[in-house]
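**Q** This is the structure I want to talk about, given as structure tokens.
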Amino acid sequence: MAQAAEWAPLAYERAIDEWPWIGVINWWYFKRADDSERGQSWYYFRLLEPDFTPTPVYESLKAYMTGDFPKVIGAGRHGLASHGVRAIGPDGRETRDGRETRTFRVDGTAVMLCHKALPEAREVSFTIDGGATGTLALAAGGPGCVALAEALASGEHTVILAAGDWSGLDSLAVIDHTGRRRLPWFLTGIVGVLVVVFVLGHAVYVRLGRPAI
């Protein structure tokens, strides 16, 4: 059970890092009514004992999901409800300046806020890496996505969103163009290698007294 408690959060971390396209991942089940099924292998995927006593796995996953430092999310579309950390105000409410604030950590070069159909216009404030700030004016109407940042440096970034009403705010879309940015340098390197090979080959031919290319 102790090993399962250590590994359980790592399973979710791996899913976030390697399979960001997965929508929802659930633990097998919460608890059984009694212990009469101990002979079944799946019985040992429980989070609570039959008498509601939390297992070490439950405590481990609880700490993972409610920690004050959000987990990094990579390229893909990620639900706002399942990622990020909410700010706790001095009055115990999850608000700041009358708005609920959520913090996300992303690994990519662009971030977009996606929403479902909105019955009325809404404003969402954002801060990127504690510096760049702005306000998104979301118009009433059908679903869509609005850019928060489109030219971030490659690597991890902290995004803070604040809204008075989070209903309809659906997900963050993270885009990573790191590979595309490196492509010109990669192609330049290939061309450089080919030129060097050609020059060396030409020199060898000349040194051997063969007709030059």
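Residues are referred to by chain and number: the chain letter is A, B, ... according to the order shown in the structure tokens, the number counts from 1 in that chain, and ligands are numbered separately from 1 in the order shown.
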Given only C-alpha atoms, how would the per-residue table for segment 22-70 of chain A near segment 12-15 of chain A read, listing every residue at most 10 Å away with its closest atom pair and distance in Å to one decimal, sorted by chain and number, as a Markdown table?
**A**
```
| residue | atom | partner | partner_atom | distance |
| --- | --- | --- | --- | --- |
| A:Ile22 | CA | A:Ala15 | CA | 7.7 |
| A:Ile25 | CA | A:Tyr12 | CA | 8.0 |
| A:Asn26 | CA | A:Tyr12 | CA | 9.7 |
| A:Trp27 | CA | A:Tyr12 | CA | 9.9 |
| A:Leu61 | CA | A:Tyr12 | CA | 9.5 |
| A:Tyr64 | CA | A:Tyr12 | CA | 9.4 |
```
**Q** With all heavy atoms retained, export the selected residues as a PDB file, in the first residue's frame.
**A**
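Okay, out-v8.pdb is ready:
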```pdb
ATOM      1  N   ILE A  22      -5.455  12.890 -23.495  1.00  0.00           N
ATOM      2  CA  ILE A  22      -6.450  12.134 -22.729  1.00  0.00           C
ATOM      3  C   ILE A  22      -7.339  13.114 -21.965  1.00  0.00           C
ATOM      4  O   ILE A  22      -6.862  14.009 -21.298  1.00  0.00           O
ATOM      5  CB  ILE A  22      -5.768  11.160 -21.747  1.00  0.00           C
ATOM      6  CG1 ILE A  22      -4.996  10.091 -22.520  1.00  0.00           C
ATOM      7  CG2 ILE A  22      -6.795  10.504 -20.830  1.00  0.00           C
ATOM      8  CD1 ILE A  22      -4.273   9.103 -21.631  1.00  0.00           C
ATOM      9  N   ILE A  25      -9.077  10.795 -16.589  1.00  0.00           N
ATOM     10  CA  ILE A  25      -8.538   9.537 -16.072  1.00  0.00           C
ATOM     11  C   ILE A  25      -9.087   9.342 -14.659  1.00  0.00           C
ATOM     12  O   ILE A  25      -8.942  10.218 -13.810  1.00  0.00           O
ATOM     13  CB  ILE A  25      -7.000   9.553 -16.038  1.00  0.00           C
ATOM     14  CG1 ILE A  25      -6.436   9.775 -17.441  1.00  0.00           C
ATOM     15  CG2 ILE A  25      -6.475   8.241 -15.451  1.00  0.00           C
ATOM     16  CD1 ILE A  25      -4.932   9.851 -17.471  1.00  0.00           C
ATOM     17  N   ASN A  26      -9.722   8.213 -14.425  1.00  0.00           N
ATOM     18  CA  ASN A  26     -10.329   7.938 -13.123  1.00  0.00           C
ATOM     19  C   ASN A  26      -9.588   6.835 -12.385  1.00  0.00           C
ATOM     20  O   ASN A  26      -9.095   5.887 -13.002  1.00  0.00           O
ATOM     21  CB  ASN A  26     -11.793   7.503 -13.293  1.00  0.00           C
ATOM     22  CG  ASN A  26     -12.656   8.620 -13.826  1.00  0.00           C
ATOM     23  OD1 ASN A  26     -12.579   9.741 -13.369  1.00  0.00           O
ATOM     24  ND2 ASN A  26     -13.487   8.300 -14.801  1.00  0.00           N
ATOM     25  N   TRP A  27      -9.511   6.969 -11.053  1.00  0.00           N
ATOM     26  CA  TRP A  27      -9.078   5.855 -10.235  1.00  0.00           C
ATOM     27  C   TRP A  27     -10.159   4.789 -10.297  1.00  0.00           C
ATOM     28  O   TRP A  27     -11.323   5.110 -10.534  1.00  0.00           O
ATOM     29  CB  TRP A  27      -8.858   6.323  -8.790  1.00  0.00           C
ATOM     30  CG  TRP A  27      -8.078   5.342  -7.965  1.00  0.00           C
ATOM     31  CD1 TRP A  27      -8.576   4.495  -7.036  1.00  0.00           C
ATOM     32  CD2 TRP A  27      -6.663   5.127  -8.001  1.00  0.00           C
ATOM     33  NE1 TRP A  27      -7.570   3.743  -6.481  1.00  0.00           N
ATOM     34  CE2 TRP A  27      -6.380   4.112  -7.067  1.00  0.00           C
ATOM     35  CE3 TRP A  27      -5.619   5.674  -8.729  1.00  0.00           C
ATOM     36  CZ2 TRP A  27      -5.089   3.639  -6.838  1.00  0.00           C
ATOM     37  CZ3 TRP A  27      -4.339   5.215  -8.516  1.00  0.00           C
ATOM     38  CH2 TRP A  27      -4.077   4.210  -7.573  1.00  0.00           C
ATOM     39  N   LEU A  61      -3.112  10.856  -3.022  1.00  0.00           N
ATOM     40  CA  LEU A  61      -3.791  11.523  -4.134  1.00  0.00           C
ATOM     41  C   LEU A  61      -4.453  12.824  -3.684  1.00  0.00           C
ATOM     42  O   LEU A  61      -4.503  13.801  -4.438  1.00  0.00           O
ATOM     43  CB  LEU A  61      -4.827  10.588  -4.750  1.00  0.00           C
ATOM     44  CG  LEU A  61      -4.262   9.415  -5.548  1.00  0.00           C
ATOM     45  CD1 LEU A  61      -5.384   8.511  -6.037  1.00  0.00           C
ATOM     46  CD2 LEU A  61      -3.442   9.921  -6.739  1.00  0.00           C
ATOM     47  N   TYR A  64      -1.810  15.364  -3.645  1.00  0.00           N
ATOM     48  CA  TYR A  64      -1.419  15.692  -5.032  1.00  0.00           C
ATOM     49  C   TYR A  64      -2.422  16.642  -5.676  1.00  0.00           C
ATOM     50  O   TYR A  64      -2.039  17.600  -6.351  1.00  0.00           O
ATOM     51  CB  TYR A  64      -1.321  14.397  -5.830  1.00  0.00           C
ATOM     52  CG  TYR A  64      -1.164  14.591  -7.324  1.00  0.00           C
ATOM     53  CD1 TYR A  64       0.052  14.991  -7.870  1.00  0.00           C
ATOM     54  CD2 TYR A  64      -2.228  14.363  -8.185  1.00  0.00           C
ATOM     55  CE1 TYR A  64       0.204  15.163  -9.241  1.00  0.00           C
ATOM     56  CE2 TYR A  64      -2.085  14.532  -9.553  1.00  0.00           C
ATOM     57  CZ  TYR A  64      -0.871  14.926 -10.068  1.00  0.00           C
ATOM     58  OH  TYR A  64      -0.731  15.094 -11.421  1.00  0.00           O
TER      59      TYR A  64
END
```
**Q** For the structure I just gave you, how does DSSP split segment 3-167 of chain A - specifically, which residues are strand (DSSP E)? Reply as JSON, numbers by chain.
**A** {"A": [72, 73, 76, 77, 78, 79, 85, 86, 100, 101, 102, 103, 104, 105, 106, 107, 110, 111, 112, 113, 114, 115, 122, 123, 124, 125, 126, 127, 128, 132, 133, 134, 135, 136, 137, 138, 144, 145, 146, 147, 148, 149, 156, 157, 158, 159, 160, 161, 162, 163]}
**Q** List as a PyMOL selection string the protein and nucleic acid residues near Ser125 of chain A, meaning an atom at most 7 Å away when only C-alpha atoms are counted, but skip any in the same chain fewer than 3 places from it.
**A** chain A and resi 134-136+161-163
**Q** I want to know what sits within 8 Å of Ile73 of chain A, based on only C-alpha atoms, with residues of the same chain fewer than 6 positions away left out; could you give that as a count of residues only?
**A** 7
**Q** Counting only C-alpha atoms, what is within 12 Å of segment 38-44 of chain A, bar same-chain residues fewer than 6 positions away, as a list in words?
**A**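 Contacts, with the query itself left out: Met1, Ala4, Ala5, Trp27, Trp28, Tyr29, Phe30, Lys31, Arg32, Pro50, Thr55, Pro56 and Val57 of chain A.
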**Q** So what do you get for atom CA of Cys145 of chain A versus atom CA of Ala173 of chain A, distance-wise?
**A** 8.2 Å
**Q** Per residue of segment 1-91 of chain A within 12 Å of segment 149-159 of chain A, note the shortest atom pair and the distance in Å to one decimal, counting only C-alpha atoms, and order the rows by chain and increasing residue number, as a tab-separated table.
**A**
```
residue	atom	partner	partner_atom	distance
A:Phe69	CA	A:Thr158	CA	10.5
A:Pro70	CA	A:Thr158	CA	9.3
A:Lys71	CA	A:Thr158	CA	10.5
A:Val72	CA	A:Glu156	CA	7.6
A:Ile73	CA	A:Glu156	CA	9.0
A:Gly74	CA	A:Glu156	CA	8.9
A:Ala75	CA	A:Gly155	CA	11.2
A:Leu80	CA	A:Val159	CA	11.9
A:His83	CA	A:Val159	CA	11.6
A:Gly84	CA	A:Val159	CA	9.1
A:Val85	CA	A:Val159	CA	10.7
```
**Q** Report, in Å to a single decimal, how far apart atom CA of Ala139 of chain A and atom CA of Asp165 of chain A are.
**A** 13.8 Å
**Q** Please identify which residues in segment 21-205 of chain A DSSP calls alpha helix (DSSP H) from the backbone, and express them as a PyMOL selection string.
**A** chain A and resi 56-66+178-205
**Q** Within 7 Å of Gly144 of chain A, counting only C-alpha atoms, which residues show up once you throw out same-chain ones fewer than 3 positions away? Write them as a VMD selection string, please.
**A** chain A and resid 114 to 116
**Q** How about saving the chosen residues, N, CA and C atoms kept, as a JSON list (two decimals), in the first residue's frame?
**A**
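And here's result.json as it stands now:
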```
[["chain", "number", "residue", "atom", "x", "y", "z"],
["A", 114, "CYS", "N", -10.39, 28.63, -23.71],
["A", 114, "CYS", "CA", -11.54, 28.16, -24.49],
["A", 114, "CYS", "C", -12.79, 28.17, -23.62],
["A", 115, "HIS", "N", -13.91, 28.47, -24.24],
["A", 115, "HIS", "CA", -15.17, 28.57, -23.50],
["A", 115, "HIS", "C", -16.30, 27.94, -24.28],
["A", 116, "LYS", "N", -17.33, 27.57, -23.55],
["A", 116, "LYS", "CA", -18.55, 27.06, -24.17],
["A", 116, "LYS", "C", -19.42, 28.25, -24.56]]
```
